[in-house]
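J.: Encoded as structure tokens, here's the structure I'll be asking about.
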Amino acid sequence: MGGVPTPGSRAATAAIPIAAVAVTVCGAVAAVWARAGGTGDTASAVSLGLTITAVAIAGAVLTLSRPDNRVGWVMLAAGAIWGIGEGAFDCGVRGILTAPGTVPAAGELAIAGAALRAGGWLGAAIGVMVIFPDGHLPRPRWRWLGICAVAAIGASTLGTALAADAESDQLRAAGWRSPLPVPDAVHGFGDALASLALPLMAATVIGSVAGMVARWRRGDVPLRRQLLTFAIATAIPVVIIPSAFGAGAPSWIFAASLVPLPVAVAVAVFTGGVFDLATVANRSLVWATLSLLVAGVYALVIAGAGSVLGRSDTRWLPWLGAGVVAISFAPLRDALQGTADRVTYGRWRQPYEVLAGLSPRIGAATDTDRILADVVAELHTTLGLAGAALRDPAGRIVAGTPSPPSTVVTLTAYGRVTGELLYTEPATPLRTGDHRVLDDLAAQLAVLMHSRSLTDDLRRARERLVLAREEERRRLRRDLHDGLGPALAGLMLKVDNARALVPTAPAVAESDLLTLRGDIQATVLDVRRLVEGLRPPAIDELGLGPAVTQAVDRLTGRSATVAEVAVPHPMPAVPAAVEVALYRIITEAVTNVVRHTDAATCAVTVVMADRALVATIADDGGGLRGPGSAQGGNGLSTMRERAEELGGTLEIRSGPTGTTVTATLPLPAPEPTGAGT
């Protein structure tokens, strides 16, 4: 409950900005009243009052909407102090110069107002720069920048208050002296403090610019847009004030040029950079720079040709300058557009540069997962997406972190879906050209995802192969060590016993030899069983077709299921691995029919189609039932693995009307005629 603001606390928090804005407006109105009809500078007072009020209002808006951001509080305090100081100073000047005696304590008002307005405008000018846009210094190691800003504001405020002329050219020209009862040495100290404030202000400005550059380099897209907004708003007075000063423009233009700055600061902080200022900045930067360059080229051509010829009034010189400008206009614009695109959009406006840099990395990639992570990072940082991730067909995130809401792009390569690209658009919606870049990049990512899928399939196949080989070796060792080995050792003992009984008890020896003969027959059967486990001997003895027919008849001979076998004979020559796989799949499928269904008939068909052997085992039972009959049962998994190991497929369809197992095993392409042995 302690952390939840109550209605009373919210009202108190809102009252502070409202009161500060009201005080600022009163100060601005007082300044306009004091100057009206006196100095004739009412327009300047009005424009300056608008600037001060804009600072206070922008600070109030930020304070109410982002109370945890110090930028709003600094602007609010600076605007209020600046407004009070401006009003007090102008009223004091009115009581001192314009209408003496009409304003009580005019000298004290002038001193206090000059000091307050110096601190207020410095707080708005450099205090905001130091902590923009999040209300904190760029890094803890930048603490010196905050100390420098506070020192500059303090030195300027105190120095103005102690100076003999309140640091006012207007009062100095009138010969006015501060009424403060202090020695001249104190006035000299005030002048020294005011002079010291100048290098401190310069250091603060330079440090603030360096801090913004550091924020730009490590910041994301919204932060960069905030800094770009501030830079453009700052550039307006930087460009206008020197130009207006050189052209002898009225003084109110100086103050009016500052009005967009607090508005831009408030918009940047309040929206968090979620607006499309990049296009405006891009066009403004290109055409402003292009205009300056064109004017410079024109002037240089006129001045250069005129100096060479010794005269500048030749009528054809303007035409020469126009021709040079016309020829150089397009190259200049293209060069400036590329530079402006890089500044405002990053590499997003150079899509083919991005793709060209990505292609060699894809070709040289040895770790697919790493290159996928790098590409996702490239999308997030360089191309400005708010979030990006890659998802495989199984729904697992391969790289990146999705940031909802996400746009899903299906990745397709070689006619199959290899995954999905999920991305969240930046605050500024992507343009048509941006989507084309993503589509081109998606094609590259689809190939990478396909390569990753193939690599995973190969790794799993190798794992299955190793596991199957080791399982087979363990089975053979167990059979030889626990079965055949002890049986042969026992036979040797029985042979020795029978030989020992031959001289003394021939009848007993004959009986033992007969028993020994039966044991040898059983051992021979065990050996045959082991051999059949390696490769069914019926295939070598009868051929694949008759071997399959014999196996099906043996499996269904003692059941109620009637088997129908259609296998071509003689079978075409096929690799030994294909023969064994086909034989094992058919026997396993027929075994499932006998054990797990109540089928009356079972049809086994083997045909050759498109360089592949296709075996179909169909029954009319009620579907697979019982343990091990599920889709992922051990028998069905073994059948599927046998088919996939050879690059084939296994399809199982089971329902109330029966079960159909279709195994497709590809055959290798025939060797070209004349090939080596």
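Just remember, in the structure tokens the first chain shown is A, the second B, etc., residues are 1-based per chain, and ligands are 1-based in the order shown.
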I'd like the neighbourhood of segment 90-102 of chain A as a ChimeraX atom specification, where a residue qualifies if any of its atoms comes within 9 Å (using only C-alpha atoms), though same-chain residues fewer than 3 positions away should be ignored.

T.: /A:30-35,37-39,85-87,105-111,113-114,170-171,174,176

J.: With only C-alpha atoms as the counted atoms, please give the residues lying no more than 6 Å from Leu422 of chain A, apart from itself and same-chain residues fewer than 2 positions off, as a PyMOL selection string.

T.: chain A and resi 388-389+406-408

J.: For a quick check of understanding, using only C-alpha atoms, which of A:Gln521, A:Thr591, A:Ser65, A:Thr616 has the smallest distance to Arg554 of chain A?

T.: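 When distances to Arg554 of chain A are compared using only C-alpha atoms, the smallest one comes from A:Thr591.
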
J.: Just give me the gap between atom CA of Val71 of chain A and atom CA of Pro426 of chain A in Å, one decimal is fine.

T.: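 Computed distance, atom CA of Val71 of chain A to atom CA of Pro426 of chain A, equals 24.7 Å.
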
J.: Segment 483-636 of chain A: which residues are strand (DSSP E or B) by DSSP, as a ChimeraX atom specification?

T.: /A:562-566,601-608,612-619

J.: Please identify all polymer residues within 9 Å of Glu579 of chain A, counting only C-alpha atoms, omitting same-chain residues fewer than 5 positions from it, and present them as a list in words.

T.: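 Near Glu579 of chain A, the qualifying residues are Ile539, Leu544, Val574 and Arg584 of chain A.
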
J.: What's around segment 146-155 of chain A at 6 Å? Count only C-alpha atoms, leave out sequence neighbours fewer than 3 positions away in its own chain, and write the answer as a PyMOL selection string.

T.: chain A and resi 119+143+158-159+193+197+200-201+204

J.: Would you save the residues of that selection, restricted to C-alpha atoms, as an mmCIF file, in the first residue's frame?

T.:
data_model
loop_
_atom_site.group_PDB
_atom_site.id
_atom_site.type_symbol
_atom_site.label_atom_id
_atom_site.label_comp_id
_atom_site.auth_asym_id
_atom_site.auth_seq_id
_atom_site.Cartn_x
_atom_site.Cartn_y
_atom_site.Cartn_z
ATOM 1 C CA GLY A 119 20.855 30.274 -13.439
ATOM 2 C CA ARG A 143 30.108 12.189 -12.860
ATOM 3 C CA LEU A 158 26.633 33.930 -7.903
ATOM 4 C CA GLY A 159 28.939 35.927 -10.161
ATOM 5 C CA LEU A 193 33.150 34.030 -11.105
ATOM 6 C CA ALA A 197 31.474 30.269 -15.784
ATOM 7 C CA LEU A 200 32.871 25.715 -17.406
ATOM 8 C CA MET A 201 29.896 26.119 -19.748
ATOM 9 C CA THR A 204 29.888 21.117 -20.111
#

J.: With only C-alpha atoms as the basis for distance, which of A:Ser208, A:Thr660, A:Asn497, A:Ser511 is at the shortest distance from Ala589 of chain A?

T.: A:Thr660

J.: Counting only C-alpha atoms, which residue out of A:Ala124, A:Val375, A:Ala36, A:Ala386 sits closest to Val265 of chain A?

T.: A:Ala124

J.: Quick one: pull the distance between atom CA of Pro393 of chain A and atom CA of Arg464 of chain A, Å, one decimal.

T.: 21.7 Å

J.: Would you compute the distance between atom CA of Ala77 of chain A and atom CA of His187 of chain A? Give it in Å to one decimal.

T.: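 We find that atom CA of Ala77 of chain A and atom CA of His187 of chain A lie 27.7 Å from each other.
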
J.: Please determine, counting only C-alpha atoms, which residue among A:Gly490, A:Gly49, A:Pro104, A:Gly647 has the shortest atom-to-atom distance to Val259 of chain A.

T.: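 Smallest distance to Val259 of chain A is found for A:Gly49.
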
J.: Residues at most 10 Å from Ile131 of chain A, counting only C-alpha atoms, excluding those fewer than 3 positions away in the same chain, as a JSON list (two decimals) with N, CA and C atoms, in the first residue's frame?

T.:
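Writing the result to result-v7.json gives the following:
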[["chain", "number", "residue", "atom", "x", "y", "z"],
["A", 69, "ASN", "N", 11.69, 10.66, -14.45],
["A", 69, "ASN", "CA", 12.72, 11.18, -15.34],
["A", 69, "ASN", "C", 13.07, 12.60, -14.90],
["A", 70, "ARG", "N", 14.34, 12.82, -14.59],
["A", 70, "ARG", "CA", 14.78, 14.11, -14.06],
["A", 70, "ARG", "C", 14.79, 15.21, -15.11],
["A", 71, "VAL", "N", 14.71, 14.86, -16.37],
["A", 71, "VAL", "CA", 14.70, 15.90, -17.41],
["A", 71, "VAL", "C", 13.52, 16.84, -17.21],
["A", 74, "VAL", "N", 14.13, 19.16, -14.18],
["A", 74, "VAL", "CA", 15.13, 20.20, -14.48],
["A", 74, "VAL", "C", 14.52, 21.29, -15.36],
["A", 126, "ILE", "N", 22.15, 23.89, -20.50],
["A", 126, "ILE", "CA", 23.17, 22.85, -20.34],
["A", 126, "ILE", "C", 22.75, 21.76, -19.36],
["A", 127, "GLY", "N", 21.84, 22.11, -18.42],
["A", 127, "GLY", "CA", 21.41, 21.08, -17.47],
["A", 127, "GLY", "C", 20.66, 19.95, -18.14],
["A", 128, "VAL", "N", 19.81, 20.30, -19.12],
["A", 128, "VAL", "CA", 19.05, 19.27, -19.85],
["A", 128, "VAL", "C", 19.98, 18.45, -20.73],
["A", 134, "ASP", "N", 17.31, 10.19, -20.49],
["A", 134, "ASP", "CA", 16.76, 9.33, -19.44],
["A", 134, "ASP", "C", 16.86, 9.92, -18.05],
["A", 135, "GLY", "N", 17.40, 11.14, -17.94],
["A", 135, "GLY", "CA", 17.50, 11.77, -16.64],
["A", 135, "GLY", "C", 18.73, 11.37, -15.85],
["A", 136, "HIS", "N", 19.67, 10.67, -16.46],
["A", 136, "HIS", "CA", 20.88, 10.24, -15.77],
["A", 136, "HIS", "C", 22.09, 10.57, -16.62],
["A", 137, "LEU", "N", 23.26, 10.56, -15.98],
["A", 137, "LEU", "CA", 24.50, 10.73, -16.72],
["A", 137, "LEU", "C", 24.74, 9.52, -17.60],
["A", 138, "PRO", "N", 25.51, 9.67, -18.70],
["A", 138, "PRO", "CA", 25.73, 8.52, -19.60],
["A", 138, "PRO", "C", 26.27, 7.29, -18.89],
["A", 145, "LEU", "N", 30.95, 15.40, -15.42],
["A", 145, "LEU", "CA", 30.13, 16.26, -16.27],
["A", 145, "LEU", "C", 29.04, 16.94, -15.46],
["A", 146, "GLY", "N", 28.40, 16.19, -14.56],
["A", 146, "GLY", "CA", 27.40, 16.79, -13.70],
["A", 146, "GLY", "C", 27.99, 17.84, -12.77],
["A", 208, "SER", "N", 28.75, 17.17, -22.87],
["A", 208, "SER", "CA", 27.40, 16.68, -23.16],
["A", 208, "SER", "C", 27.31, 16.10, -24.56],
["A", 211, "GLY", "N", 28.96, 12.82, -24.48],
["A", 211, "GLY", "CA", 28.09, 11.85, -23.82],
["A", 211, "GLY", "C", 26.97, 11.37, -24.72],
["A", 212, "MET", "N", 26.41, 12.29, -25.53],
["A", 212, "MET", "CA", 25.35, 11.88, -26.47],
["A", 212, "MET", "C", 25.91, 10.98, -27.56]]
